[in-house]
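Notes follow once the structure below has been shown.
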Amino acid sequence: MSDSKLRDHMDDDEDEIHASNRGHDEEGEDEGSGSDVGVGDNDDSSEEEEEDDEEEMERVRKGFIVDDDDEDEEENVEESSKKRRKKKRRRPTASVSSDEGNEAEDRERSSHANDDELDQDDLDLLLENTGGYRREQEKRFKRLKRAEGADEDSGRSSRRLTDIFSDEEEDRAEDDEDLGQTRSRLPADEFDDFIEEDEFSDEEARRQEEAEIRTGRPTKSSRGPAALSSQLTGIDEDKLGEIYEVFGDGEEYEWALEGEDDAVLSGGEENDYGGREGSGREKSGAPELKDVFEPSELSARLLTDEDNAIRIKDIPERYQLLRSVLKFDYNLGEEDFAAEQQWVADKLVAAKPLVFIAKPYLREPFIKAVHKVVEFVSRDHLEVPTIWTHRRDYLIYTHSTLKRENAYESSSSTTTTDNLLSLDDLWKIVHLDIEFHGLVEKKNSVDRLFKSLDVHDSAFESMFEQAKTLVEYQDLTDYLQFRYSSQIKDHISTTKFDEDNLNGNGTTTKRHSRFARFERIREGPIYSIVRAFSITADHLGENIMSDQRLFFSEDPPERPEELAEQTTKETESMTAEYILDSARSMAAEEIFYDPKVRKSIRDKFAQQAKVDIILTDKGSKKINDASPYIDFKYAINRGFDELRLKPDLYLRMLQAETEGLVIVRISYPDYKTTLFEKILTRFFMSDNVSDIAAAWNSNRRIVLKEASRKFVPLICRNIKEDLKTDCLRSLYFDLRKSFGEKLNQAPYKPPGYVAGTTARILAISPGMGDFSKDAVVAVLVDEEGQAVESVKFGNPRHVEFRQQFIDLVKRRTPDVIGIAGFTVNCSKLFQILQDIVKEEELVPGGDADEADNSLLQVVWVQDEVARLYQHSNRALTEFPDQATLGRYSIALARYLQSPLCEYAALGKEISAITIHPSQSLLPEELFQEAIDSVFVDYVNLVGLDVNEVVRNQYMANLLPYVSGLGPRKASGILQSIQSHGGQIANRAELVTAHITTKNIFFNCASFLRIAYDKRTLKNEDTEPLDATRIHPEDYDLARKMAADALELDEEDLVQLENTSGGVIAQLLSDDLEKLNELILEQYAEQLEEKYNRKKSHTLELIREELHNHFSEKRASLAALTEYQIFTMLTGETQQSLHNNMVVPVVIRRANDRGLTVQLSNGIEGEVDGPDMVDDTSISHPSKLFTFGLTIQAVILNIDYKNFTAKLSTRKKDIQSALDKAKWSKGRDNKKWNVAAEEADRRKIELKQEQEKRSSRIIKHPLFRLFNSKQAEEYLAPLQRGDLVIRPSSRGNDHIAITWKISEMLFQHLDVVELDKPNEYSLGRTLQVGKSRYSDLDELIIMHVQAMARKVDEMVASDKFQKGSRAEVEKWLTAYTDASANRSVYAFCFDHKHPGYFLLCFKTNRQTPVQTWNVKVIPNGFELMNNSYADVPSLSNGFKKIFMSRVAAGGTRR
């Protein structure tokens, strides 16, 4: 059946009832998935289909197939509507045809109604406001009855089971096959990559359809590999091949299809989620997606059970993800909710102290506004854009002030409006809401733990009431675990307790306690000594917290040692020293775990502590002037508030710490002599004066010091984490601001066109800009974002380029020319194009206003997106025939057409763009969350044409950012609308067609527009307000305003609503200026007085939207500044290239008037004559410079527009710039460790001086500045006998020669220099051992090469054995074992002493292997102080020496 016939058939059969779960409510059934049974009445009685087939009848009874419908009737239905386009040219916005209806569907409802599902009254009220239909008792909106589908036609569309691949897609697949080619135009959803269809002719499809209906199951041709190519139409072969490559040919899934068939035949009732009850699913039922596909694939495509749960739930997706970190129920009781409102308000008030100092009267309204927003977020589940757009009246404060000019005139009233909350504030409230819920969870966790102990602890209870942070609740948890460890252990052994509360697993197994030692002390006699030390830890905490001595320490009559000695009588095998030490440890632990002590000392640290940087050895070496950490290398005494204002600074400190370069230390200034002594002397020690008191005070000092060693690091960690959290949050909003500036750009508006008109772009790029080698590529991109024509030009300086370019412009009539590239040479092409346009008087597209007389613009385009796109898989898929530079140019054009869409299409790749200099310091998830939040702001500011989104995948990238949605819910909406016919006629269908649920509809409705045109304005199906930002809840207000503007009475209004499209259509057709005559302020006051509804901003929004639907609220497309163009083409920033910077330059031209040079980034530089040399008396300074020479120069000035720079090569200027760079950082002795820096500087200078002395330069081709290890690495791949000459570490009168003996065996020769002319000259005589040589060449030939020849001779000998000494000894042993009475010997390398061989021999089987050393000398070998000229002589000498020693009575090893 053709699409047009099907659509007409659906229009005629609006009352048809069929089952589908395309969009059931959030708790009961998934949007776009679920039940797939479709049963329709069939009056056709084909003879073939009335046979008595029991199997077929069983399937019909179970509802799995449907007999043929009136297909003949359907085929005769003619097309009833066509798409209409705007009159304005090239505006791609699609309008909804007035005659396109929707097929009414009878859905199987779950037997249990969901709490969040709309009841009939809610639905009536919603449809009344949105124009869906009118209630029977109210005749005013008679024209809106279309939603009830009163028409009754006998024709019904046939439905069948076509999608056998997924339980969740079956009813959607029915609609897909019926839609025919319409389905092929729709954008693919997340299921499309799993199941692909091929295209069949209408006749083939009809025959297959009939066969499936007759048999009640898919034909063989629709299964396996063929099914993959038959289930979708409109797919190219490349895409199909890609699917086969990823998923195979389908044969491996045959078992899944057979299992599904078995499930169909086995019967069983279908439940609400598309499964079958009683069908034995666990054993042989139809498989789910997770049974067929890998979990990673399902997760990547958001098809897991968790993803489906998010789709179903009637809460905005972003809120669900944020709240997923919470472990318990999100909803708070009234008391906790009121506490949250105040807590959030206190946080925001504390963050804006200056605001309330300047305007103290805003404090109370601000707090009320925060309370209300918390309610919107937490109770109403409204997302930020919904609150910002439709609850703005709660975010502003309007007040009147009396103003009197002078004493003789009456006072006048002036109305002032202050914005209380910004968009950033709303996002902060969303984050604080999650933070508070986490706080409540921790609070409840601690409370449950304490109540489970069934004890009374006044210290705990008082601190529990005061706790406000997670750290403080953790302190309380630590206190309970320490103080009541035995009770907790007993409780665990009998009760399964919350693992998170106890940090345990809740099993009944007896567990070891880390506090076992202190439990024994607390229960034993030692605890009496603990109590004798001083006041309790709780009393100490009271003293510190109040900063006064409320409790005093008393000294026992005995000395501590005496008391410990007495305690030994009550204990066994414990000495007095051990007892006293245990008592001190217990007292220190009690102080450490006391929450009052922790809180009071933490507060004092937060007020006085500072941040210091301690360099590690690695950091001292690694952090140099080029390091990103140089600005805090010696930082000290940095305050917390200072670091909060520079969040990137502190985060870089932490990053350097993770790299092991520094230690970020939180330190209290002179802690030991200030805070510690104050606590000890004022609050802990006794004031008594006696030997006993002195002894006890000495022990108290030990106790406090031991406790201090534990709680100070803990408190410092807490402060570091809190400071890190604050800095991350601050950087988060800095990133939002930077990215907001990129998105706050409207598409390029062609001259003479209305805002919103899509421009035709000619994008051109020379690539690297080498005109002699690289082609200049130009691509014409039309209004749909498609490449219409691609052209390659030659050299832009040639005449042919000019003519070809002019022909292209006149033929394609672009609205603007965009240009970008990769090098500075692109600026030359830009100038060439501008000259051509000006000289030829080229103008924009042909439909532009001729009176404008504006020339065709040539503009620079930001290419950060295009650089990523040109190499992406997305670009290869979209434009496989384009060259890389062509794809780059297409992205440039699309950027001009919509920066928002281009950034959104990047997806996760957006992190590759530099949005903020410090964005890398944010964790990946936090970075993406910040980026997404900005997308949410601007996508909802712009709005989306929902029907265009369904048709256009490029636009569909924006749908997840609509308020209330996300990737999962957006895909569900797309799938549901596709199943609904590919479009919706009005916003009300989002609910009536079960596409969205209640809360989601409320959030997203006003941001999804449904366009109309003048021809359909007064049609019955058109709701003009659906094309505006007006929320459906405010439609009645809009109609009331329209009626008042038209001065209609009640009767006129009713009559108008019944006839010609309603009062809104009448107003739009009449005179919109009448709206300006309304006094909206009075109306807003009446609404607030009578109904307590703040609608002042809403009324203004309604008036604005009725005047101009979805008017552009973004700023105009920002033209790139000279600096931005400079950065784009050179890659340089103000940090990497600036004035007074010393840079290397290459001389391109030199004369006495000056130099022309080039920087490494391609920038041309000029050095004027006076800036060439210091000595101005030189008559021809150009003789000092030659072409191609690289020299140093200092930048005097940078011309960003012309890509040039002024420089100086004077040594004086260069040195001055270096000195300024060294001291320009303005070191403050109080915040910079100058002494440490100076000490390190002296160490470096000393080391450099030593290296300078050792880094001698000897004029010889074999000389290298190597150390011994570097020399070995250099010689490793070379041949035996190769060598390097290098400096010696023994001083300037030595050099070293390293030569290669064998693989991984090198000898280092020490050469002593004699008769040296000076310290750095080579000695006239060179001595190696006892040998002397006159120069290096003689030494190399007569000594090194001579030894190398002897090594070659030895290795070539048949007596030489490769391998280690152990291997040779093993070979000798094996030889003598085989020949018991024979002796044997062999030579091998001595790897421990390079330059020596080992002579290993074994006289018989019983004797051990013996080893003698053989030294290699020039022209021979040395054994036992005897020299031999060659190997045979050496062997004979060995035998003689051995025999003589045997004769003498033994041998020596």
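Labels used: A, B, ... for chains in the order of the structure tokens, numbers from 1 for residues in each chain, and numbers from 1 for ligands as shown.
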
Write down as a PyMOL selection string the residues belonging to stretch 805-988 of chain A that are assigned strand (DSSP E) by DSSP computed on the backbone. chain A and resi 816-819+857-860+944-945

Kindly export the residues of the current selection with C-alpha atoms, as a PDB file, in the first residue's frame.
```pdb
ATOM      1  CA  VAL A 816      27.684  34.339   1.641  1.00  0.00           C
ATOM      2  CA  ILE A 817      31.198  33.000   1.133  1.00  0.00           C
ATOM      3  CA  GLY A 818      32.859  31.377   4.138  1.00  0.00           C
ATOM      4  CA  ILE A 819      36.573  30.747   4.281  1.00  0.00           C
ATOM      5  CA  GLN A 857      30.134  38.973   1.909  1.00  0.00           C
ATOM      6  CA  VAL A 858      33.343  37.002   2.390  1.00  0.00           C
ATOM      7  CA  VAL A 859      33.606  35.975   6.035  1.00  0.00           C
ATOM      8  CA  TRP A 860      36.015  34.005   8.164  1.00  0.00           C
ATOM      9  CA  LEU A 944      12.490  22.503  17.859  1.00  0.00           C
ATOM     10  CA  ASP A 945      10.009  21.709  15.114  1.00  0.00           C
TER      11      ASP A 945
END
```

Sorted by chain and rising residue number, which residues of stretch 1038-1137 of chain A lie within 10 Å of stretch 756-772 of chain A, and what are their closest atom pairs and distances in Å to one decimal, counting only C-alpha atoms, as CSV?
```
residue,atom,partner,partner_atom,distance
A:Phe1110,CA,A:Gly756,CA,9.7
A:Ser1111,CA,A:Gly756,CA,8.5
A:Glu1112,CA,A:Gly756,CA,7.5
A:Leu1129,CA,A:Met768,CA,9.7
```

Writing out the chosen residues with N, CA, C and O atoms as a PDB file, in the first residue's frame:
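The file below, result_26.pdb, is the result:
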```
ATOM      1  N   PHE A1110       8.276  32.067  18.132  1.00  0.00           N
ATOM      2  CA  PHE A1110       9.641  31.575  18.338  1.00  0.00           C
ATOM      3  C   PHE A1110      10.673  32.518  17.712  1.00  0.00           C
ATOM      4  O   PHE A1110      11.535  32.119  16.925  1.00  0.00           O
ATOM      5  N   SER A1111      10.562  33.775  18.067  1.00  0.00           N
ATOM      6  CA  SER A1111      11.508  34.764  17.557  1.00  0.00           C
ATOM      7  C   SER A1111      12.922  34.417  18.020  1.00  0.00           C
ATOM      8  O   SER A1111      13.117  33.804  19.071  1.00  0.00           O
ATOM      9  N   GLU A1112      13.889  34.812  17.220  1.00  0.00           N
ATOM     10  CA  GLU A1112      15.280  34.502  17.526  1.00  0.00           C
ATOM     11  C   GLU A1112      15.745  35.308  18.728  1.00  0.00           C
ATOM     12  O   GLU A1112      15.704  36.533  18.723  1.00  0.00           O
ATOM     13  N   LEU A1129      44.538  30.410  12.494  1.00  0.00           N
ATOM     14  CA  LEU A1129      45.456  30.107  11.408  1.00  0.00           C
ATOM     15  C   LEU A1129      46.873  29.801  11.878  1.00  0.00           C
ATOM     16  O   LEU A1129      47.634  29.151  11.168  1.00  0.00           O
TER      17      LEU A1129
END
```

Have a look at A:Asp1213, A:Glu783, A:Asp1071, A:Glu306 and name the one nearest to A:Ala1193; count only C-alpha atoms.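 Result for the nearest residue to A:Ala1193: A:Asp1213.
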
What is the atom CA of A:Gln655 to atom CA of A:Cys727 distance in Å? 12.9 Å

Using only C-alpha atoms, which residues sit within 12 Å of A:Val703 once same-chain residues fewer than 3 positions away are excluded, as a count of residues only? 31

Pick out the residues sitting within 8 Å of stretch 1413-1426 of chain A, and hand them over as a list in words; count only C-alpha atoms, and ignore anything fewer than 3 positions along from it in its own chain.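 Contacts, with the query itself left out: Met1342, His1343, Val1344, Ala1346, Met1347, Arg1349, Lys1350, Val1351, Gly1395, Tyr1396, Phe1397, Leu1398, Leu1399, Ala1429, Asp1430, Val1431, Leu1434 and Phe1438 of chain A.
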
Requested write-out: N, CA, C and O atoms of the selected residues, as an mmCIF file, in the first residue's frame:
```cif
data_model
loop_
_atom_site.group_PDB
_atom_site.id
_atom_site.type_symbol
_atom_site.label_atom_id
_atom_site.label_comp_id
_atom_site.auth_asym_id
_atom_site.auth_seq_id
_atom_site.Cartn_x
_atom_site.Cartn_y
_atom_site.Cartn_z
ATOM 1 N N MET A 1342 96.416 1.873 16.779
ATOM 2 C CA MET A 1342 97.429 1.043 17.410
ATOM 3 C C MET A 1342 96.930 0.338 18.666
ATOM 4 O O MET A 1342 97.531 -0.674 19.065
ATOM 5 N N HIS A 1343 95.871 0.832 19.252
ATOM 6 C CA HIS A 1343 95.427 0.229 20.514
ATOM 7 C C HIS A 1343 94.052 -0.432 20.360
ATOM 8 O O HIS A 1343 93.926 -1.654 20.506
ATOM 9 N N VAL A 1344 93.038 0.378 20.037
ATOM 10 C CA VAL A 1344 91.672 -0.173 20.029
ATOM 11 C C VAL A 1344 91.479 -1.149 18.887
ATOM 12 O O VAL A 1344 91.013 -2.279 19.079
ATOM 13 N N ALA A 1346 93.707 -2.674 17.197
ATOM 14 C CA ALA A 1346 94.592 -3.834 17.369
ATOM 15 C C ALA A 1346 93.964 -4.846 18.304
ATOM 16 O O ALA A 1346 94.020 -6.063 18.064
ATOM 17 N N MET A 1347 93.367 -4.391 19.403
ATOM 18 C CA MET A 1347 92.688 -5.310 20.317
ATOM 19 C C MET A 1347 91.460 -5.925 19.652
ATOM 20 O O MET A 1347 91.156 -7.103 19.858
ATOM 21 N N ARG A 1349 91.107 -6.680 16.558
ATOM 22 C CA ARG A 1349 91.538 -7.753 15.660
ATOM 23 C C ARG A 1349 91.839 -9.031 16.443
ATOM 24 O O ARG A 1349 91.553 -10.131 15.977
ATOM 25 N N LYS A 1350 92.417 -8.880 17.635
ATOM 26 C CA LYS A 1350 92.700 -10.043 18.463
ATOM 27 C C LYS A 1350 91.421 -10.695 18.978
ATOM 28 O O LYS A 1350 91.353 -11.917 19.109
ATOM 29 N N VAL A 1351 90.416 -9.894 19.258
ATOM 30 C CA VAL A 1351 89.124 -10.461 19.669
ATOM 31 C C VAL A 1351 88.523 -11.244 18.517
ATOM 32 O O VAL A 1351 87.986 -12.347 18.703
ATOM 33 N N GLY A 1395 87.142 -6.954 28.032
ATOM 34 C CA GLY A 1395 88.546 -6.870 27.637
ATOM 35 C C GLY A 1395 89.323 -8.102 28.065
ATOM 36 O O GLY A 1395 90.507 -8.213 27.743
ATOM 37 N N TYR A 1396 88.664 -9.034 28.729
ATOM 38 C CA TYR A 1396 89.293 -10.286 29.169
ATOM 39 C C TYR A 1396 88.499 -11.453 28.590
ATOM 40 O O TYR A 1396 87.286 -11.364 28.352
ATOM 41 N N PHE A 1397 89.251 -12.588 28.382
ATOM 42 C CA PHE A 1397 88.621 -13.870 28.089
ATOM 43 C C PHE A 1397 88.826 -14.776 29.287
ATOM 44 O O PHE A 1397 89.748 -14.569 30.096
ATOM 45 N N LEU A 1398 88.017 -15.801 29.373
ATOM 46 C CA LEU A 1398 88.178 -16.827 30.390
ATOM 47 C C LEU A 1398 88.671 -18.095 29.718
ATOM 48 O O LEU A 1398 88.093 -18.538 28.705
ATOM 49 N N LEU A 1399 89.748 -18.646 30.272
ATOM 50 C CA LEU A 1399 90.254 -19.938 29.814
ATOM 51 C C LEU A 1399 89.748 -20.983 30.798
ATOM 52 O O LEU A 1399 90.219 -21.079 31.934
ATOM 53 N N ALA A 1429 101.408 -13.888 20.852
ATOM 54 C CA ALA A 1429 101.047 -13.121 19.672
ATOM 55 C C ALA A 1429 99.742 -13.567 19.048
ATOM 56 O O ALA A 1429 99.048 -12.774 18.418
ATOM 57 N N ASP A 1430 99.390 -14.854 19.215
ATOM 58 C CA ASP A 1430 98.171 -15.338 18.576
ATOM 59 C C ASP A 1430 97.568 -16.433 19.431
ATOM 60 O O ASP A 1430 98.123 -16.826 20.463
ATOM 61 N N VAL A 1431 96.455 -17.003 18.963
ATOM 62 C CA VAL A 1431 95.733 -18.009 19.744
ATOM 63 C C VAL A 1431 96.503 -19.312 19.852
ATOM 64 O O VAL A 1431 96.581 -19.904 20.940
ATOM 65 N N LEU A 1434 99.044 -18.886 22.423
ATOM 66 C CA LEU A 1434 98.384 -18.825 23.726
ATOM 67 C C LEU A 1434 98.028 -20.222 24.216
ATOM 68 O O LEU A 1434 98.240 -20.554 25.401
ATOM 69 N N PHE A 1438 99.573 -22.036 27.455
ATOM 70 C CA PHE A 1438 98.713 -22.562 28.522
ATOM 71 C C PHE A 1438 99.121 -23.984 28.901
ATOM 72 O O PHE A 1438 99.225 -24.328 30.092
#
```

Can you tell me which residues surround stretch 835-838 of chain A at a distance of at most 12 Å, considering only C-alpha atoms, apart from same-chain residues fewer than 4 positions away, and format the answer as a list in words?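 Once the adjacent positions are removed, what remains is Pro796, Arg797, Val799, Phe801, Arg802, Gln803, Gln804, Phe805, Ile806, Asp807, Val809, Lys810, Val816, Ile817, Lys828, Leu829, Phe830, Gln831, Leu842, Val843, Pro844, Ser854, Leu855, Leu856, Gln857 and Val858 of chain A.
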
Quick one: residues within 12 Å of A:Arg682, only C-alpha atoms, excluding same-chain residues fewer than 5 positions away - as an MDAnalysis selection string? chainID A and resid 540 543:544 547:553 674:677 687 697

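You can rank A:Met955, A:Met574, A:Ile1295, A:Leu1339 by their closest distance to A:Ile1258 using only C-alpha atoms, and at the top of that list sits A:Ile1295.
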
Nearby residues (only C-alpha atoms) at most 10 Å from A:Asp1034, same-chain spacing under 3 positions excluded, as number ranges by chain: A: 129-130, 390, 1025, 1030-1031, 1037-1040, 1095, 1098-1099, 1102

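Across the structure, atom CA of A:Gln745 and atom CA of A:Thr914 are spaced 17.6 Å apart.
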